[in-house]
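Structure file final_0.pdb with PDB, C-alpha atoms:
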```pdb
ATOM      1  CA  MET A  16      -1.420 -11.282  42.813
ATOM      2  CA  ASN A  17      -2.627  -8.072  44.428
ATOM      3  CA  SER A  18      -4.709  -5.434  42.656
ATOM      4  CA  ALA A  19      -1.687  -3.174  41.943
ATOM      5  CA  GLN A  20       0.169  -6.014  40.204
ATOM      6  CA  ALA A  21      -2.941  -6.972  38.261
ATOM      7  CA  ALA A  22      -3.358  -3.356  37.151
ATOM      8  CA  ILE A  23       0.273  -3.175  35.969
ATOM      9  CA  VAL A  24      -0.072  -6.435  34.023
ATOM     10  CA  GLY A  25      -3.338  -5.169  32.498
ATOM     11  CA  VAL A  26      -1.725  -1.886  31.402
ATOM     12  CA  MET A  27       1.250  -3.750  29.908
ATOM     13  CA  LEU A  28      -1.050  -6.059  27.947
ATOM     14  CA  LEU A  29      -3.109  -3.117  26.745
ATOM     15  CA  CYS A  30       0.000  -1.203  25.632
ATOM     16  CA  THR A  31       1.423  -4.146  23.717
ATOM     17  CA  ALA A  32      -1.954  -4.840  22.119
ATOM     18  CA  CYS A  33      -2.208  -1.218  20.953
ATOM     19  CA  THR A  34       1.234  -1.076  19.390
ATOM     20  CA  SER A  35       1.420  -4.510  17.782
ATOM     21  CA  HIS A  36      -0.521  -3.343  14.742
ATOM     22  CA  LYS A  37       2.093  -0.692  13.802
ATOM     23  CA  PHE A  38       5.465  -1.414  12.224
ATOM     24  CA  THR A  39       8.310   0.346  10.411
ATOM     25  CA  MET A  40      10.307  -0.871   7.432
ATOM     26  CA  GLN A  41      13.303   0.718   5.714
ATOM     27  CA  LYS A  42      14.194   2.248   9.101
ATOM     28  CA  TYR A  43      17.518   3.637   7.879
ATOM     29  CA  ALA A  44      16.265   5.003   4.572
ATOM     30  CA  ILE A  45      15.885   8.735   3.971
ATOM     31  CA  VAL A  46      12.132   8.148   4.076
ATOM     32  CA  PRO A  47      11.218   5.196   6.370
ATOM     33  CA  THR A  48       8.107   3.182   5.527
ATOM     34  CA  GLN A  49       5.523   3.212   8.305
ATOM     35  CA  GLY A  50       2.878   0.497   8.345
ATOM     36  CA  VAL A  51      -0.401  -0.169  10.115
ATOM     37  CA  LYS A  52      -2.387  -3.403  10.124
ATOM     38  CA  LEU A  53      -5.909  -2.151   9.369
ATOM     39  CA  ALA A  54      -8.121  -5.229   9.015
ATOM     40  CA  ASN A  55      -7.821  -8.770  10.377
ATOM     41  CA  LYS A  56      -4.498  -8.034  12.054
ATOM     42  CA  ASP A  57      -3.954 -11.698  12.912
ATOM     43  CA  LYS A  58      -3.801 -12.515   9.167
ATOM     44  CA  ILE A  59      -0.841 -10.153   8.596
ATOM     45  CA  THR A  60       2.606 -11.447   9.558
ATOM     46  CA  LEU A  61       5.975  -9.733   9.335
ATOM     47  CA  THR A  62       8.194 -12.321   7.626
ATOM     48  CA  ALA A  63      11.449 -10.307   7.434
ATOM     49  CA  VAL A  64      12.717  -6.819   8.217
ATOM     50  CA  ASN A  65      11.453  -5.714   4.803
ATOM     51  CA  ALA A  66       8.526  -8.061   4.032
ATOM     52  CA  PHE A  67       5.138  -9.195   5.294
ATOM     53  CA  ARG A  68       2.541 -11.798   4.350
ATOM     54  CA  MET A  69      -1.143 -10.986   4.032
ATOM     55  CA  ASN A  70      -3.708 -13.783   4.141
ATOM     56  CA  GLY A  71      -7.114 -12.638   2.989
ATOM     57  CA  PRO A  72      -9.224 -10.973   3.905
ATOM     58  CA  SER A  73      -6.868  -8.339   5.332
ATOM     59  CA  LYS A  74      -5.685  -4.782   4.779
ATOM     60  CA  VAL A  75      -2.464  -2.855   5.467
ATOM     61  CA  GLY A  76      -1.750   0.877   5.281
ATOM     62  CA  LEU A  77       1.734   2.119   4.319
ATOM     63  CA  ARG A  78       3.019   5.671   4.293
ATOM     64  CA  ALA A  79       5.999   7.982   4.295
ATOM     65  CA  GLN A  80       4.887  10.506   6.887
ATOM     66  CA  ARG A  81       4.120  13.948   5.464
ATOM     67  CA  GLN A  82       5.334  12.994   1.966
ATOM     68  CA  THR A  83       2.821  13.176  -0.865
ATOM     69  CA  GLU A  84       4.813  13.774  -4.044
ATOM     70  CA  LEU A  85       6.770  10.583  -4.177
ATOM     71  CA  ILE A  86       7.577   7.261  -5.757
ATOM     72  CA  PHE A  87       6.095   4.238  -4.028
ATOM     73  CA  SER A  88       7.505   0.870  -5.011
ATOM     74  CA  THR A  89       7.021  -2.676  -3.754
ATOM     75  CA  GLU A  90       7.427  -6.239  -4.918
ATOM     76  CA  ILE A  91       4.404  -8.532  -4.634
ATOM     77  CA  ILE A  92       4.215 -12.320  -4.815
ATOM     78  CA  ARG A  93       0.686 -13.665  -5.019
ATOM     79  CA  SER A  94      -0.303 -17.228  -4.248
ATOM     80  CA  SER A  95      -3.297 -17.195  -6.596
ATOM     81  CA  PRO A  96      -4.870 -14.894  -9.185
ATOM     82  CA  ASP A  97      -7.318 -13.593  -6.544
ATOM     83  CA  ARG A  98      -8.042  -9.883  -6.230
ATOM     84  CA  ILE A  99      -5.518  -7.417  -4.766
ATOM     85  CA  ILE A 100      -6.494  -3.777  -4.275
ATOM     86  CA  ILE A 101      -3.889  -1.024  -3.933
ATOM     87  CA  GLN A 102      -5.379   2.372  -3.149
ATOM     88  CA  THR A 103      -4.048   5.860  -2.447
ATOM     89  CA  ARG A 104      -5.698   7.629   0.508
ATOM     90  CA  THR A 105      -5.350  10.796   2.528
ATOM     91  CA  THR A 106      -6.077   8.705   5.628
ATOM     92  CA  PRO A 107      -5.976   4.947   6.147
ATOM     93  CA  PHE A 108      -9.609   4.785   7.229
ATOM     94  CA  ASP A 109     -12.626   4.035   5.046
ATOM     95  CA  ASP A 110     -14.810   6.228   7.260
ATOM     96  CA  SER A 111     -12.862   9.442   6.636
ATOM     97  CA  THR A 112     -14.855  12.544   5.866
ATOM     98  CA  SER A 113     -13.524  12.719   2.315
ATOM     99  CA  ALA A 114     -15.783  10.999  -0.185
ATOM    100  CA  ARG A 115     -12.944  11.116  -2.741
ATOM    101  CA  LYS A 116     -11.107   7.925  -1.883
ATOM    102  CA  GLY A 117      -8.040   8.261  -4.094
ATOM    103  CA  ILE A 118      -6.884   6.181  -7.023
ATOM    104  CA  SER A 119      -7.501   2.421  -6.886
ATOM    105  CA  PHE A 120      -5.563  -0.290  -8.703
ATOM    106  CA  ILE A 121      -7.570  -3.519  -8.731
ATOM    107  CA  ILE A 122      -5.383  -6.441  -9.795
ATOM    108  CA  GLU A 123      -7.290  -9.630 -10.538
ATOM    109  CA  GLY A 124      -6.349 -12.571 -12.716
ATOM    110  CA  ASP A 125      -4.559 -11.174 -15.755
ATOM    111  CA  SER A 126      -6.114  -7.707 -15.678
ATOM    112  CA  THR A 127      -5.782  -4.459 -13.743
ATOM    113  CA  THR A 128      -8.535  -1.881 -13.382
ATOM    114  CA  ILE A 129      -7.536   1.693 -12.550
ATOM    115  CA  VAL A 130     -10.286   3.695 -10.859
ATOM    116  CA  ASN A 131      -9.493   7.421 -10.996
ATOM    117  CA  GLY A 132     -12.404   9.392  -9.580
ATOM    118  CA  GLU A 133     -15.412   8.615 -11.789
ATOM    119  CA  ASP A 134     -13.241   7.051 -14.526
ATOM    120  CA  SER A 135     -12.470   3.348 -14.670
ATOM    121  CA  VAL A 136     -10.307   1.572 -17.255
ATOM    122  CA  THR A 137      -9.309  -2.120 -17.378
ATOM    123  CA  TYR A 138      -5.984  -3.205 -18.896
ATOM    124  CA  SER A 139      -4.487  -6.596 -19.680
ATOM    125  CA  THR A 140      -1.694  -7.287 -17.181
ATOM    126  CA  PRO A 141      -0.505 -10.887 -17.289
ATOM    127  CA  LEU A 142       1.164 -11.192 -13.879
ATOM    128  CA  PRO A 143       2.840 -14.277 -12.452
ATOM    129  CA  VAL A 144       1.511 -16.410  -9.622
ATOM    130  CA  GLY A 145       4.184 -17.626  -7.194
ATOM    131  CA  LYS A 146       6.808 -15.238  -8.596
ATOM    132  CA  PRO A 147       7.410 -11.553  -7.817
ATOM    133  CA  PHE A 148       6.151  -8.613  -9.829
ATOM    134  CA  LEU A 149       6.846  -4.931  -9.228
ATOM    135  CA  PHE A 150       4.266  -2.247  -8.453
ATOM    136  CA  THR A 151       5.644   1.301  -8.805
ATOM    137  CA  LEU A 152       3.674   4.557  -8.674
ATOM    138  CA  LEU A 153       5.059   8.015  -9.345
ATOM    139  CA  ASN A 154       2.758  10.663  -7.856
ATOM    140  CA  ASN A 155       3.727  14.190  -8.938
ATOM    141  CA  GLY A 156       1.153  16.943  -8.483
ATOM    142  CA  ALA A 157      -1.915  16.322 -10.634
ATOM    143  CA  TRP A 158      -0.075  13.611 -12.581
ATOM    144  CA  PHE A 159       0.693   9.997 -11.859
ATOM    145  CA  ASP A 160       2.363   7.152 -13.680
ATOM    146  CA  VAL A 161       2.255   3.493 -12.713
ATOM    147  CA  VAL A 162       4.135   0.351 -13.694
ATOM    148  CA  ILE A 163       2.662  -3.029 -12.738
ATOM    149  CA  GLY A 164       4.820  -5.984 -13.680
ATOM    150  CA  HIS A 165       6.169  -5.109 -17.125
ATOM    151  CA  LYS A 166       3.164  -2.951 -18.083
ATOM    152  CA  MET A 167       3.703   0.824 -18.186
ATOM    153  CA  PHE A 168       0.385   2.662 -18.109
ATOM    154  CA  GLY A 169       1.678   6.097 -19.087
ATOM    155  CA  CYS A 170       1.306   9.500 -17.516
ATOM    156  CA  GLN A 171      -2.275  10.165 -16.354
ATOM    157  CA  ARG A 172      -3.977  13.169 -14.816
ATOM    158  CA  THR A 173      -6.119  13.064 -11.690
ATOM    159  CA  GLU A 174      -8.313  15.598  -9.936
ATOM    160  CA  LEU A 175      -7.742  13.758  -6.662
ATOM    161  CA  ALA A 176      -5.306  15.180  -4.163
ATOM    162  CA  ASN A 177      -1.883  13.612  -3.641
ATOM    163  CA  THR A 178      -2.055  11.220  -0.748
ATOM    164  CA  GLU A 179       0.208  10.107   2.055
ATOM    165  CA  TRP A 180      -1.146   6.558   2.434
ATOM    166  CA  PHE A 181      -1.094   3.466   0.242
ATOM    167  CA  LEU A 182      -3.548   0.770   1.261
ATOM    168  CA  ILE A 183      -2.999  -2.822   0.183
ATOM    169  CA  ALA A 184      -5.954  -5.177   0.580
ATOM    170  CA  VAL A 185      -6.542  -8.842  -0.072
ATOM    171  CA  PRO A 186     -10.358  -8.913   0.063
ATOM    172  CA  GLY A 187     -10.784 -12.618  -0.716
ATOM    173  CA  GLN A 188      -9.125 -15.801   0.471
ATOM    174  CA  GLY A 189      -5.814 -15.511  -1.403
ATOM    175  CA  SER A 190      -2.488 -14.506   0.085
ATOM    176  CA  ILE A 191       0.375 -12.252  -0.964
ATOM    177  CA  ILE A 192       3.873 -11.423   0.195
ATOM    178  CA  VAL A 193       4.705  -7.717   0.059
ATOM    179  CA  GLY A 194       8.447  -7.202  -0.153
ATOM    180  CA  ASP A 195      10.655  -4.172   0.174
ATOM    181  CA  PRO A 196       7.903  -1.505   0.257
ATOM    182  CA  GLN A 197       9.613   1.859   0.003
ATOM    183  CA  PHE A 198       8.976   5.505  -0.627
ATOM    184  CA  ASN A 199      11.365   7.846  -2.369
ATOM    185  CA  ILE A 200      10.948  11.584  -2.664
ATOM    186  CA  SER A 201       9.972  12.366  -6.236
ATOM    187  CA  SER A 202      12.756  14.169  -8.060
ATOM    188  CA  GLN A 203      12.282  12.258 -11.282
ATOM    189  CA  THR A 204      10.352  13.375 -14.293
ATOM    190  CA  PHE A 205       8.109  11.035 -16.158
ATOM    191  CA  SER A 206      10.622  10.562 -18.968
ATOM    192  CA  GLN A 207      13.162   9.259 -16.414
ATOM    193  CA  PHE A 208      10.631   6.855 -14.902
TER     194      PHE A 208
END
```

Can you give me the file's structure in the form of structure tokens?
Amino acid sequence: MNSAQAAIVGVMLLCTACTSHKFTMQKYAIVPTQGVKLANKDKITLTAVNAFRMNGPSKVGLRAQRQTELIFSTEIIRSSPDRIIIQTRTTPFDDSTSARKGISFIIEGDSTTIVNGEDSVTYSTPLPVGKPFLFTLLNNGAWFDVVIGHKMFGCQRTELANTEWFLIAVPGQGSIIVGDPQFNISSQTFSQF
């Protein structure tokens, strides 16, 4: 192989390595779901056109580009009661200049902790292991509402800005399947949710 052929092969490998961490789901929806493998990319596997598996520790970022007032919904199947963190962010990176990291939903065992700025509240959320549960968040201006499994948390106010990204992390050794993650433009009111 001459140096020109080696250079072409090297560029091709580099290009495929750079793009393999990005993916799109719901391609034909009004608002497609864009995804980025953020941490331990080899532990994140696309299992269908609308699902992926995360083996911990790993992290994925999902967004509907340029949409911030929206409804985000996904189905999650966890293999164990290990911790799952779902977080809203203005960027997918932990090293962003904003110290205000968005709202975090920490699901662990049979409880969920919502961290909203300086406030933190833990709720009982008995969620199944090995069976799907739904995570849905309505983000509308300074207000948000969330449903996790069958638990409705009610309309809550936040001082944090609406965000484009949803980060899903499995920080421990567990695994989850994330199915049918989708974004819909928010036209609903809280009473319709």

Exercise for review: Evaluate the PyMOL selection byres ((chain A and resi 63-72) around 8) on the structure here and hand back the selected residues as a list in words.
Suggested key: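 Taken over the shown coordinates, the PyMOL selection byres ((chain A and resi 63-72) around 8) returns Met40, Gln41, Ala54, Asn55, Lys58, Ile59, Thr60, Leu61, Thr62, Ser73, Lys74, Ala184, Val185, Pro186, Gly187, Gln188, Gly189, Ser190, Ile191, Ile192, Val193, Gly194, Asp195 and Pro196 of chain A.
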
Contacts of Ile101 of chain A within 8 Å, all atoms listed in the file, excl. fewer than 4 positions in-chain, as a PDB file with C-alpha atoms, in the frame of the given file:
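Final output, part-v7.pdb:
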```
ATOM      1  CA  SER A 119      -7.501   2.421  -6.886  1.00  0.00           C
ATOM      2  CA  PHE A 120      -5.563  -0.290  -8.703  1.00  0.00           C
ATOM      3  CA  ILE A 121      -7.570  -3.519  -8.731  1.00  0.00           C
ATOM      4  CA  PHE A 181      -1.094   3.466   0.242  1.00  0.00           C
ATOM      5  CA  LEU A 182      -3.548   0.770   1.261  1.00  0.00           C
ATOM      6  CA  ILE A 183      -2.999  -2.822   0.183  1.00  0.00           C
ATOM      7  CA  ALA A 184      -5.954  -5.177   0.580  1.00  0.00           C
TER       8      ALA A 184
END
```

**Study point:** Local residues around (-0.7, -2.1, -19.9), at most 7 Å away, using only C-alpha atoms, as a PyMOL selection string
**Key:** chain A and resi 138-140+166-168

Using 4 Å of padding on each side, determine the axis-aligned box around all atoms of segment 140-145 of chain A present in the file and give its centre and edge lengths in Å to one decimal, as AutoDock Vina command-line options.
```
--center_x 1.2 --center_y -12.5 --center_z -12.2 --size_x 13.9 --size_y 18.3 --size_z 18.1
```

Check your understanding: With all atoms listed in the file as the basis for distance, which of A:Ser135, A:Gln49, A:Ser94, A:Gln102 is at the shortest distance from Pro147 of chain A?
Key ->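 Of all the options, A:Ser94 lies closest to Pro147 of chain A.
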
Practice item. Between atom CA of Ala44 of chain A and atom CA of Arg78 of chain A, measure the distance and give it in Å to one decimal. Key: 13.3 Å

Point to revise | Pairwise distance for atom CA of Leu153 of chain A and atom CA of Leu85 of chain A, rounded to one decimal in Å | key: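 Answer for the atom CA of Leu153 of chain A to atom CA of Leu85 of chain A separation: 6.0 Å.
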